[in-house]
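Remarks on the structure that follows.
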Amino acid sequence: MGKLIVSLSPHAHGTDTVERNMYGVIIALMPALLVSFYFFGLGSVVVTATSVAACVFFEWAISKYILKQERNTIMDGSAILTGLLLAFNLPSNLPIWIILIGALFAIGVAKMTFGGLGNNLFNPALVGRAALLVAFPAQMTTWPKVGQLSSYLDAETGATPLSIMKWAIKEGDASVLEQLPSSLNLLIGNHPDGAGAMGEICALALLIGLAYMLWKKIITWHIPVSIIGTVFVFAGLLHLANPVYADPISVILTGGLMLGAIFMATDYVTSPMTPKGQIIYGVAIGFLTVVIRNWGAYPEGMSFAILIMNAFTPLINNYVKPKRFGEVPDKN
């Protein structure tokens, strides 16, 4: 006879599955992926294909030959999603061998070392990006200009909006910010010089992905809105206090803020479970992002802010944990 398993109610069954949610996020990434192909051409195709293939291969190889798992997990979509998100955080001219190292860190170190999907403490794609940023800072901060569709490793590079913002703060000269593209150009991805990582060029494409995920109820509004709202308020106060700091709209539309708020910070495994916890988490990420961008060593702070708050997620979950039904509050 089979073992009888007794569990607490409720015993309702939902339609959500790992595959449904993973492939739903992948579909939401398609507008931004197509835009990156349009602006970066061959480089974007090479980086994306290499990253996805490497992540899928490393998950398959580690599961089969190291962890000796009977069930193959490469078709659940999580490895494909990690590969896409890693590619979105990379320059479009990054050499293939560096991409392979990033994929190995993302899957082998950040995901499979902890036991695979559902057990990792940190977002795998961001761990891969952080590892590459530390190991290969020059290659990871050299950004190709848009429109070089057939070039790859020899692409002409330029200054990104984030580096312009950083330079204005360093020089104490607000006139430097006049080099920034307009808010409309930042929204649609029309960057005359360096555009940054592949997935952060067009905020509009990312917002389309957000709308799709909210429509399909893949994520809720709490994390993206709390991050973007906090950045808007904090950056706005700094801009009012000193115009050397960029206006809040430009801050929101540049760099990886939209990508991180919509697709990275909302990762099910590494973010809090309750709405209250998600808002606390999002506010902290938004605050840390502005702090690191303005006063840290790197122009971008989104990835580091998310990784820092990933570490605090268990603590946040414990803090906002709802009381069990019928539990008597401790009066001591």
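Residue numbering restarts at 1 for every chain of the structure tokens, chains are lettered A, B, ... in their displayed order, and ligands are numbered from 1 as they appear.
Taking only C-alpha atoms, the non-local environment of Gly196 in chain A within 8 Å (same-chain residues fewer than 5 positions away omitted) comprises Pro91, Trp143, Pro144, Thr160, Ile201 and Gly255 of chain A.
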Would you mind exporting C-alpha atoms of the selected residues as a tab-separated table (two decimals), in the first residue's frame?
chain	number	residue	atom	x	y	z
A	91	PRO	CA	27.70	43.83	-22.88
A	143	TRP	CA	29.73	49.21	-23.71
A	144	PRO	CA	29.20	49.11	-27.50
A	160	THR	CA	26.55	55.19	-20.95
A	201	ILE	CA	18.48	49.59	-23.41
A	255	GLY	CA	20.87	51.33	-16.36
Produce a table with one row for each residue of range 179-272 of chain A that has an atom at most 12 Å from any atom of range 76-80 of chain A, each row naming the nearest atom pair and its distance in Å at one decimal; use only C-alpha atoms; arrange rows by chain and rising residue number; format as CSV.
residue,atom,partner,partner_atom,distance
A:Asp267,CA,A:Ser78,CA,10.8
A:Tyr268,CA,A:Ser78,CA,11.4
A:Val269,CA,A:Ser78,CA,11.4
Problem set entry | strand (DSSP E or B) call set, DSSP backbone run, range 93-321 of chain A, as a list in words |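 Strand (DSSP E or B) assignments inside range 93-321 of chain A correspond to Pro144, Lys145, Thr157 and Gly194 of chain A.
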Problem set entry | Distance in Å - CA of Ser92 in chain A versus CA of Gly43 in chain A |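 Value for the CA of Ser92 in chain A-CA of Gly43 in chain A distance: 4.8 Å.
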